[in-house]
file run13.csv (CSV, C-alpha atoms)
chain,number,residue,atom,x,y,z
A,3,MET,CA,23.9,63.2,-36.6
A,4,LYS,CA,22.1,60.1,-35.3
A,5,SER,CA,20.5,59.5,-38.6
A,6,LEU,CA,23.9,59.5,-40.3
A,7,LEU,CA,24.9,56.6,-38.1
A,8,ASP,CA,22.2,54.5,-39.7
A,9,MET,CA,23.7,54.9,-43.2
A,10,SER,CA,26.4,52.7,-44.8
A,11,LEU,CA,29.6,54.5,-43.7
A,12,SER,CA,33.2,54.3,-45.1
A,13,ASP,CA,35.8,52.7,-42.8
A,14,ASP,CA,37.2,56.2,-41.9
A,15,ALA,CA,33.7,57.4,-41.1
A,16,VAL,CA,33.1,54.4,-38.8
A,17,PHE,CA,36.3,55.2,-36.9
A,18,ALA,CA,35.3,58.8,-36.7
A,19,SER,CA,31.9,57.8,-35.2
A,20,MET,CA,33.7,56.8,-32.0
A,21,GLU,CA,34.6,60.4,-31.5
A,22,VAL,CA,30.9,61.2,-31.9
A,23,PHE,CA,30.0,58.7,-29.2
A,24,ASN,CA,32.8,60.0,-26.8
A,25,ALA,CA,31.6,63.6,-27.2
A,26,ALA,CA,28.0,62.6,-26.6
A,27,PHE,CA,29.0,60.5,-23.6
A,28,VAL,CA,30.3,63.5,-21.7
A,29,ALA,CA,27.8,66.0,-22.9
A,30,GLU,CA,25.5,67.3,-20.2
A,31,LYS,CA,22.8,68.4,-22.6
A,32,ILE,CA,22.3,65.0,-24.1
A,33,SER,CA,20.0,62.6,-22.3
A,34,THR,CA,21.0,59.2,-21.1
A,35,ALA,CA,18.6,57.6,-23.6
A,36,GLU,CA,20.1,59.5,-26.5
A,37,LYS,CA,23.6,58.6,-25.4
A,38,GLU,CA,22.6,54.9,-25.3
A,39,GLU,CA,21.0,55.2,-28.8
A,40,ILE,CA,24.2,56.7,-30.2
A,41,ARG,CA,26.3,53.9,-28.5
A,42,GLN,CA,24.1,51.2,-30.1
A,43,LYS,CA,24.4,52.8,-33.5
A,44,VAL,CA,28.2,53.1,-33.3
A,45,LEU,CA,28.5,49.6,-32.0
A,46,LYS,CA,26.4,48.3,-34.9
A,47,GLN,CA,28.8,50.1,-37.3
A,48,TYR,CA,31.8,48.5,-35.8
A,49,THR,CA,30.3,45.1,-35.6
A,50,GLY,CA,29.5,45.4,-39.3
A,51,LEU,CA,33.1,45.8,-40.2
A,52,LEU,CA,33.9,42.4,-38.7
A,53,SER,CA,31.8,40.7,-41.4
A,54,THR,CA,33.9,42.2,-44.2
A,55,GLU,CA,37.0,40.5,-45.7
A,56,ARG,CA,39.3,43.3,-45.0
A,57,TYR,CA,38.7,42.9,-41.2
A,58,SER,CA,38.9,39.1,-41.1
A,59,GLU,CA,42.2,39.0,-39.3
A,60,GLY,CA,45.4,40.8,-38.3
A,61,ARG,CA,45.8,44.3,-36.8
A,62,ARG,CA,42.7,45.7,-38.6
A,63,ARG,CA,40.5,43.2,-36.9
A,64,ALA,CA,42.2,43.7,-33.5
A,65,ARG,CA,41.5,47.4,-33.8
A,66,VAL,CA,37.8,46.8,-34.4
A,67,GLU,CA,37.5,44.2,-31.7
A,68,LEU,CA,39.1,46.6,-29.2
A,69,ALA,CA,36.6,49.3,-30.1
A,70,ILE,CA,33.7,46.8,-29.7
A,71,GLN,CA,35.1,45.8,-26.3
A,72,TYR,CA,35.1,49.4,-25.3
A,73,LEU,CA,31.5,50.1,-26.5
A,74,GLU,CA,30.2,47.0,-24.8
A,75,GLY,CA,32.2,47.6,-21.5
A,76,PRO,CA,31.0,49.1,-18.2
A,77,TYR,CA,32.5,52.5,-18.9
A,78,ALA,CA,30.7,53.1,-22.2
A,79,THR,CA,27.5,51.6,-21.0
A,80,GLY,CA,27.5,53.8,-17.9
A,81,THR,CA,27.7,50.9,-15.4
A,82,LEU,CA,31.3,51.4,-14.2
A,83,VAL,CA,30.9,53.8,-11.3
A,84,GLY,CA,28.9,52.3,-8.4
A,85,ASN,CA,29.5,48.7,-9.3
A,86,LYS,CA,32.2,46.1,-8.8
A,87,ALA,CA,35.5,47.1,-10.3
A,88,PRO,CA,36.3,45.2,-13.6
A,89,GLU,CA,38.7,42.4,-13.1
A,90,LEU,CA,42.5,43.0,-13.1
A,91,ASP,CA,44.9,40.1,-13.0
A,92,PHE,CA,48.3,40.9,-11.6
A,93,LEU,CA,51.1,39.3,-13.5
A,94,TRP,CA,53.7,41.0,-11.3
A,95,MET,CA,53.6,43.2,-8.3
A,96,SER,CA,56.6,45.2,-6.9
A,97,SER,CA,55.7,43.9,-3.4
A,98,GLY,CA,53.0,41.7,-1.9
A,99,GLU,CA,51.3,38.5,-3.0
A,100,GLU,CA,48.0,39.8,-4.4
A,101,LYS,CA,46.9,38.3,-7.7
A,102,SER,CA,43.7,40.3,-8.3
A,103,LEU,CA,41.6,43.2,-7.1
A,104,ASP,CA,39.6,40.8,-5.0
A,105,ASP,CA,42.7,40.3,-2.8
A,106,LEU,CA,42.6,44.0,-1.9
A,107,LYS,CA,39.1,44.1,-0.6
A,108,GLY,CA,38.8,45.8,2.7
A,109,ARG,CA,41.0,48.6,1.6
A,110,VAL,CA,40.4,51.8,-0.4
A,111,VAL,CA,42.4,51.3,-3.7
A,112,ILE,CA,43.7,54.0,-6.0
A,113,LEU,CA,44.6,52.7,-9.5
A,114,ASP,CA,47.0,54.9,-11.5
A,115,PHE,CA,47.1,53.6,-15.1
A,116,TRP,CA,50.5,54.6,-16.5
A,117,ALA,CA,53.5,53.5,-18.6
A,118,THR,CA,57.2,54.3,-18.6
A,119,LYS,CA,56.9,55.9,-22.0
A,120,CYS,CA,54.3,58.5,-20.7
A,121,GLY,CA,55.8,61.9,-19.9
A,122,PRO,CA,52.7,63.2,-18.1
A,123,CYS,CA,52.7,60.0,-16.0
A,124,ILE,CA,56.2,60.8,-14.8
A,125,GLY,CA,55.0,64.4,-14.2
A,126,ILE,CA,52.4,63.5,-11.6
A,127,MET,CA,54.7,61.3,-9.6
A,128,PRO,CA,55.7,64.0,-7.0
A,129,ASN,CA,52.0,64.4,-6.1
A,130,MET,CA,51.5,60.7,-6.0
A,131,ARG,CA,54.5,60.4,-3.7
A,132,VAL,CA,53.0,62.9,-1.3
A,133,LEU,CA,49.6,61.2,-1.4
A,134,THR,CA,51.3,57.8,-0.6
A,135,LYS,CA,53.1,59.2,2.4
A,136,ARG,CA,49.8,60.4,3.9
A,137,TYR,CA,48.3,56.9,4.0
A,138,VAL,CA,51.2,54.9,5.4
A,139,GLY,CA,49.7,52.6,8.0
A,140,TYR,CA,46.2,53.2,6.8
A,141,PRO,CA,44.0,50.7,4.9
A,142,VAL,CA,44.7,52.4,1.5
A,143,GLU,CA,46.6,51.0,-1.5
A,144,ILE,CA,48.0,53.1,-4.3
A,145,ILE,CA,49.0,51.0,-7.2
A,146,GLY,CA,50.5,52.1,-10.5
A,147,VAL,CA,48.9,49.8,-13.1
A,148,THR,CA,50.8,49.1,-16.3
A,149,SER,CA,51.1,46.2,-18.8
A,150,VAL,CA,53.8,44.3,-20.6
A,151,MET,CA,54.9,46.6,-23.5
A,152,GLY,CA,57.8,44.7,-25.1
A,153,TYR,CA,60.0,47.6,-24.3
A,154,HIS,CA,61.0,49.8,-21.4
A,155,VAL,CA,61.7,53.5,-21.4
A,156,ASP,CA,64.8,54.3,-19.3
A,157,VAL,CA,64.0,57.9,-18.5
A,158,LYS,CA,67.1,58.4,-16.4
A,159,ASN,CA,69.4,57.5,-19.3
A,160,GLY,CA,67.2,58.6,-22.1
A,161,LYS,CA,67.0,55.3,-23.9
A,162,THR,CA,64.5,52.6,-24.8
A,163,ILE,CA,65.3,49.0,-24.0
A,164,GLN,CA,63.7,46.3,-26.1
A,165,THR,CA,62.1,43.5,-23.9
A,166,LYS,CA,59.8,41.8,-26.4
A,167,GLY,CA,59.3,38.1,-25.5
A,168,ASN,CA,61.0,38.6,-22.1
A,169,SER,CA,58.5,39.9,-19.7
A,170,GLU,CA,60.7,38.9,-16.7
A,171,TYR,CA,63.3,41.3,-18.0
A,172,GLU,CA,60.7,44.1,-18.2
A,173,PHE,CA,59.7,43.4,-14.6
A,174,GLU,CA,63.3,43.5,-13.5
A,175,LEU,CA,63.8,46.9,-15.2
A,176,MET,CA,60.8,48.3,-13.5
A,177,ARG,CA,62.5,47.8,-10.1
A,178,THR,CA,65.4,50.0,-11.3
A,179,PHE,CA,62.9,52.5,-12.7
A,180,MET,CA,61.1,52.7,-9.4
A,181,LYS,CA,64.3,53.4,-7.5
A,182,ASP,CA,65.4,56.0,-10.1
A,183,GLN,CA,62.0,57.8,-9.9
A,184,ASN,CA,61.6,57.4,-6.1
A,185,ILE,CA,58.3,55.6,-6.5
A,186,ASN,CA,57.1,54.8,-3.0
A,187,TRP,CA,53.8,53.1,-4.0
A,188,ARG,CA,53.4,49.7,-5.5
A,189,VAL,CA,53.5,49.0,-9.2
A,190,ALA,CA,51.7,46.1,-10.9
A,191,PHE,CA,51.8,44.7,-14.4
A,192,THR,CA,48.3,43.4,-15.4
A,193,LYS,CA,47.2,40.8,-17.9
A,194,GLN,CA,44.8,43.4,-19.2
A,195,ASN,CA,46.2,46.2,-21.4
A,196,VAL,CA,47.0,49.4,-19.6
A,197,MET,CA,44.7,51.1,-22.1
A,198,ASN,CA,41.9,49.3,-20.4
A,199,MET,CA,38.6,49.6,-22.3
A,200,GLU,CA,36.5,48.5,-19.4
A,201,TYR,CA,37.7,51.4,-17.3
A,202,GLY,CA,37.5,53.8,-20.3
A,203,VAL,CA,41.3,54.4,-20.2
A,204,LEU,CA,41.8,56.2,-23.5
A,205,ASP,CA,44.7,58.3,-22.2
A,206,ILE,CA,47.2,58.0,-19.4
A,207,PRO,CA,47.6,58.8,-16.6
A,208,HIS,CA,44.1,57.7,-15.7
A,209,ILE,CA,43.1,57.4,-12.0
A,210,VAL,CA,40.4,55.3,-10.5
A,211,ILE,CA,39.4,55.1,-6.8
A,212,ILE,CA,37.7,51.9,-5.5
A,213,ASP,CA,36.0,51.6,-2.2
A,214,ALA,CA,36.6,49.0,0.5
A,215,GLU,CA,33.8,46.8,-0.9
A,216,GLY,CA,35.6,46.6,-4.3
A,217,ASN,CA,33.2,49.0,-6.1
A,218,VAL,CA,34.4,51.8,-8.4
A,219,ARG,CA,33.4,55.1,-6.8
A,220,TYR,CA,35.4,57.6,-8.9
A,221,ASN,CA,36.7,57.2,-12.4
A,222,GLY,CA,38.9,59.6,-14.4
A,223,VAL,CA,39.9,61.6,-11.4
A,224,ASP,CA,42.0,64.6,-12.5
A,225,PRO,CA,45.5,63.2,-12.3
A,226,PHE,CA,47.1,66.6,-12.4
A,227,SER,CA,45.2,68.1,-9.4
A,228,ALA,CA,46.9,68.7,-6.1
A,229,PRO,CA,47.0,65.6,-3.8
A,230,TYR,CA,44.5,67.0,-1.3
A,231,HIS,CA,41.7,66.7,-4.0
A,232,LYS,CA,42.2,63.0,-4.1
A,233,ALA,CA,42.8,62.8,-0.3
A,234,ASP,CA,39.4,64.3,0.3
A,235,LEU,CA,37.8,61.5,-1.8
A,236,ILE,CA,39.9,58.8,-0.1
A,237,ASP,CA,39.1,60.1,3.4
A,238,GLY,CA,35.4,60.1,2.6
A,239,LEU,CA,35.5,56.4,1.6
A,240,LEU,CA,37.5,55.4,4.7
A,241,LYS,CA,35.0,57.1,6.9
A,242,GLU,CA,32.1,55.6,5.0
A,243,ALA,CA,33.5,52.1,5.6
A,244,GLY,CA,34.3,52.7,9.2
A,245,LEU,CA,38.1,52.3,8.6
A,246,ARG,CA,41.0,54.2,10.2
A,247,CYS,CA,41.4,57.6,8.6
A,248,PRO,CA,43.8,60.5,9.2
A,249,ALA,CA,42.5,62.8,11.9
A,250,THR,CA,42.6,66.0,9.9
A,251,PRO,CA,42.1,66.8,6.2
A,252,MET,CA,45.1,67.1,4.0
A,253,GLU,CA,46.5,70.6,3.9
A,254,LYS,CA,45.3,72.4,0.8
A,255,THR,CA,48.8,73.0,-0.7
A,256,ASP,CA,50.2,72.5,-4.1
A,257,TYR,CA,52.9,70.0,-3.5
A,258,SER,CA,54.1,69.8,-7.1
A,259,LYS,CA,57.5,71.4,-6.3
A,260,LYS,CA,58.2,69.1,-3.3
A,261,LEU,CA,60.0,66.6,-5.5
A,262,ASN,CA,62.0,64.9,-2.8
A,263,GLU,CA,59.6,64.7,0.1
call {"tool": "encode", "arguments": {"input": "run13.csv", "output": "structure tokens"}}
result
Amino acid sequence: MKSLLDMSLSDDAVFASMEVFNAAFVAEKISTAEKEEIRQKVLKQYTGLLSTERYSEGRRRARVELAIQYLEGPYATGTLVGNKAPELDFLWMSSGEEKSLDDLKGRVVILDFWATKCGPCIGIMPNMRVLTKRYVGYPVEIIGVTSVMGYHVDVKNGKTIQTKGNSEYEFELMRTFMKDQNINWRVAFTKQNVMNMEYGVLDIPHIVIIDAEGNVRYNGVDPFSAPYHKADLIDGLLKEAGLRCPATPMEKTDYSKKLNE
């Protein structure tokens, strides 16, 4: 397979090579050196597309540039976990004055990448609600991270509202959405796309946990797991940093049916 990546590939084959890299990246039987070799070969294939006329501008070029950003980013290079969290610039926050992740240093931060159009994102909200209640008064921040879409999905009324060119209206609609869905954690719109290539966000919901020093400690945490799984990780980071932590572990219960707690 690696030798094929050295050949001149069709556009479709180049795009398919990304799946080869992603599969290799998570494969336990492939060495780190081999994964890096595959990454470099796939990156070379994508970079080659930019030199062709058909990828000189427009959506085609943007698609290739996004893939290159992903392949060159900390997630794909294996440098995300254990290092400073990639920058996030907050365009709007449902409460608070923070403008970036740096403003949250000193707290354990849980990032939930999501969007109003995402059914599974809505599905995990009961568990997120329970997790948020556990850490009221503790140095923990749970933030739902999204980006300006140009539209807003009104789940309650089953309709999509166009907001293109009016981000302030999209922000305003989010407040109503939060009330309708009983979201008790903060929501932020970021300058960076919610499908954040640096964090390896290829699907949403996608959960990242950052320690009090601002370093990514867990990426791609199972968003559908019961809250206590995440609480165990959060408690560990609080104790490691010498910060206030709940006295007892979270009860190992499936809270998925407790929609209104």
call {"tool": "atom_distance", "arguments": {"input": "run13.csv", "atom1": "atom CA of Val111 of chain A", "atom2": "atom CA of Asn129 of chain A"}}
result
16.4 Å
call {"tool": "closest_residue", "arguments": {"input": "run13.csv", "among": "A:Met20, A:Leu133, A:Leu82, A:Met95", "to": "Arg177 of chain A", "atoms": "all atoms listed in the file"}}
result
A:Met95
call {"tool": "atom_distance", "arguments": {"input": "run13.csv", "atom1": "atom CA of Val189 of chain A", "atom2": "atom CA of Val150 of chain A"}}
result
12.3 Å
call {"tool": "residues_near_point", "arguments": {"input": "run13.csv", "point": "(27.6, 51.9, -19.1)", "cutoff": "12 Å", "atoms": "only C-alpha atoms", "output": "JSON, numbers by chain"}}
result
{"A": [27, 34, 35, 37, 38, 41, 42, 72, 73, 74, 75, 76, 77, 78, 79, 80, 81, 82, 83, 84, 85, 199, 200, 201, 202]}
call {"tool": "write_last_selection", "arguments": {"input": "run13.csv", "atoms": "C-alpha atoms", "output": "PDB file, in the frame of the given file"}}
result
ATOM      1  CA  PHE A  27      29.000  60.500 -23.600  1.00  0.00           C
ATOM      2  CA  THR A  34      21.000  59.200 -21.100  1.00  0.00           C
ATOM      3  CA  ALA A  35      18.600  57.600 -23.600  1.00  0.00           C
ATOM      4  CA  LYS A  37      23.600  58.600 -25.400  1.00  0.00           C
ATOM      5  CA  GLU A  38      22.600  54.900 -25.300  1.00  0.00           C
ATOM      6  CA  ARG A  41      26.300  53.900 -28.500  1.00  0.00           C
ATOM      7  CA  GLN A  42      24.100  51.200 -30.100  1.00  0.00           C
ATOM      8  CA  TYR A  72      35.100  49.400 -25.300  1.00  0.00           C
ATOM      9  CA  LEU A  73      31.500  50.100 -26.500  1.00  0.00           C
ATOM     10  CA  GLU A  74      30.200  47.000 -24.800  1.00  0.00           C
ATOM     11  CA  GLY A  75      32.200  47.600 -21.500  1.00  0.00           C
ATOM     12  CA  PRO A  76      31.000  49.100 -18.200  1.00  0.00           C
ATOM     13  CA  TYR A  77      32.500  52.500 -18.900  1.00  0.00           C
ATOM     14  CA  ALA A  78      30.700  53.100 -22.200  1.00  0.00           C
ATOM     15  CA  THR A  79      27.500  51.600 -21.000  1.00  0.00           C
ATOM     16  CA  GLY A  80      27.500  53.800 -17.900  1.00  0.00           C
ATOM     17  CA  THR A  81      27.700  50.900 -15.400  1.00  0.00           C
ATOM     18  CA  LEU A  82      31.300  51.400 -14.200  1.00  0.00           C
ATOM     19  CA  VAL A  83      30.900  53.800 -11.300  1.00  0.00           C
ATOM     20  CA  GLY A  84      28.900  52.300  -8.400  1.00  0.00           C
ATOM     21  CA  ASN A  85      29.500  48.700  -9.300  1.00  0.00           C
ATOM     22  CA  MET A 199      38.600  49.600 -22.300  1.00  0.00           C
ATOM     23  CA  GLU A 200      36.500  48.500 -19.400  1.00  0.00           C
ATOM     24  CA  TYR A 201      37.700  51.400 -17.300  1.00  0.00           C
ATOM     25  CA  GLY A 202      37.500  53.800 -20.300  1.00  0.00           C
TER      26      GLY A 202
END
call {"tool": "atom_distance", "arguments": {"input": "run13.csv", "atom1": "atom CA of Gly50 of chain A", "atom2": "atom CA of Leu7 of chain A"}}
result
12.2 Å
call {"tool": "closest_residue", "arguments": {"input": "run13.csv", "among": "A:Asn221, A:Phe179, A:Ile144, A:Ala64", "to": "Val110 of chain A", "atoms": "all atoms listed in the file"}}
result
A:Ile144
call {"tool": "closest_residue", "arguments": {"input": "run13.csv", "among": "A:Met252, A:Val16, A:Leu240, A:Ile212", "to": "Tyr140 of chain A", "atoms": "all atoms listed in the file"}}
result
A:Leu240
call {"tool": "closest_residue", "arguments": {"input": "run13.csv", "among": "A:Thr192, A:Asn168, A:Gln47, A:Gln183", "to": "Lys101 of chain A", "atoms": "only C-alpha atoms"}}
result
A:Thr192
call {"tool": "closest_residue", "arguments": {"input": "run13.csv", "among": "A:Lys135, A:Lys193, A:Lys107, A:Lys166", "to": "Pro229 of chain A", "atoms": "only C-alpha atoms"}}
result
A:Lys135
call {"tool": "closest_residue", "arguments": {"input": "run13.csv", "among": "A:Gln164, A:Ser96, A:Ser5, A:Ser53", "to": "Asn186 of chain A", "atoms": "all atoms listed in the file"}}
result
A:Ser96
call {"tool": "build_atoms", "arguments": {"input": "run13.csv", "residues": "segment 156-188 of chain A", "atoms": "N, CA and C atoms", "output": "compact mmCIF listing (two decimals), in the coordinates of the input"}}
result
# COMPACT_ATOMS: atom_id res chain seq x y z
N ASP A 156 63.86 53.90 -20.35
CA ASP A 156 64.80 54.30 -19.30
C ASP A 156 64.88 55.80 -19.28
N VAL A 157 64.04 56.43 -18.48
CA VAL A 157 64.00 57.90 -18.50
C VAL A 157 65.30 58.49 -17.98
N LYS A 158 65.89 57.89 -16.98
CA LYS A 158 67.10 58.40 -16.40
C LYS A 158 68.23 58.54 -17.42
N ASN A 159 68.35 57.53 -18.28
CA ASN A 159 69.40 57.50 -19.30
C ASN A 159 69.00 57.85 -20.66
N GLY A 160 67.72 58.20 -20.82
CA GLY A 160 67.20 58.60 -22.10
C GLY A 160 67.30 57.60 -23.21
N LYS A 161 66.92 56.36 -22.90
CA LYS A 161 67.00 55.30 -23.90
C LYS A 161 65.83 54.33 -23.76
N THR A 162 65.53 53.64 -24.84
CA THR A 162 64.50 52.60 -24.80
C THR A 162 65.14 51.24 -24.92
N ILE A 163 64.76 50.36 -24.03
CA ILE A 163 65.30 49.00 -24.00
C ILE A 163 64.27 48.02 -24.49
N GLN A 164 64.62 47.24 -25.50
CA GLN A 164 63.70 46.30 -26.10
C GLN A 164 63.58 45.04 -25.13
N THR A 165 62.36 44.63 -24.84
CA THR A 165 62.10 43.50 -23.90
C THR A 165 61.14 42.49 -24.54
N LYS A 166 60.85 42.62 -25.81
CA LYS A 166 59.80 41.80 -26.40
C LYS A 166 60.17 40.30 -26.22
N GLY A 167 59.16 39.56 -25.74
CA GLY A 167 59.30 38.10 -25.50
C GLY A 167 60.02 37.81 -24.20
N ASN A 168 60.32 38.83 -23.40
CA ASN A 168 61.00 38.60 -22.10
C ASN A 168 60.39 39.49 -21.06
N SER A 169 59.19 39.13 -20.63
CA SER A 169 58.50 39.90 -19.70
C SER A 169 59.23 40.01 -18.33
N GLU A 170 59.93 38.95 -17.97
CA GLU A 170 60.70 38.90 -16.70
C GLU A 170 61.73 40.04 -16.70
N TYR A 171 62.36 40.27 -17.85
CA TYR A 171 63.30 41.30 -18.00
C TYR A 171 62.68 42.70 -17.79
N GLU A 172 61.48 42.84 -18.36
CA GLU A 172 60.70 44.10 -18.20
C GLU A 172 60.36 44.33 -16.76
N PHE A 173 60.00 43.26 -16.05
CA PHE A 173 59.70 43.40 -14.60
C PHE A 173 60.94 43.83 -13.85
N GLU A 174 62.06 43.22 -14.20
CA GLU A 174 63.30 43.50 -13.50
C GLU A 174 63.69 45.01 -13.73
N LEU A 175 63.52 45.50 -14.95
CA LEU A 175 63.80 46.90 -15.20
C LEU A 175 62.93 47.85 -14.47
N MET A 176 61.71 47.40 -14.20
CA MET A 176 60.80 48.30 -13.50
C MET A 176 61.30 48.55 -12.05
N ARG A 177 61.94 47.59 -11.43
CA ARG A 177 62.50 47.80 -10.10
C ARG A 177 63.51 48.94 -10.10
N THR A 178 64.36 48.94 -11.13
CA THR A 178 65.40 50.00 -11.30
C THR A 178 64.67 51.33 -11.52
N PHE A 179 63.65 51.32 -12.37
CA PHE A 179 62.90 52.50 -12.70
C PHE A 179 62.27 53.11 -11.43
N MET A 180 61.69 52.26 -10.59
CA MET A 180 61.10 52.70 -9.40
C MET A 180 62.06 53.39 -8.43
N LYS A 181 63.26 52.81 -8.37
CA LYS A 181 64.30 53.40 -7.50
C LYS A 181 64.75 54.75 -8.09
N ASP A 182 64.93 54.80 -9.41
CA ASP A 182 65.40 56.00 -10.10
C ASP A 182 64.37 57.17 -9.88
N GLN A 183 63.08 56.82 -9.94
CA GLN A 183 62.00 57.80 -9.90
C GLN A 183 61.47 58.01 -8.46
N ASN A 184 62.05 57.33 -7.51
CA ASN A 184 61.60 57.40 -6.10
C ASN A 184 60.11 57.13 -5.98
N ILE A 185 59.70 56.04 -6.58
CA ILE A 185 58.30 55.60 -6.50
C ILE A 185 58.09 54.86 -5.19
N ASN A 186 57.30 55.43 -4.30
CA ASN A 186 57.10 54.80 -3.00
C ASN A 186 55.74 54.14 -2.86
N TRP A 187 55.07 53.93 -3.97
CA TRP A 187 53.80 53.10 -4.00
C TRP A 187 54.10 51.88 -4.83
N ARG A 188 53.17 50.97 -4.80
CA ARG A 188 53.40 49.70 -5.50
C ARG A 188 53.08 49.86 -7.00
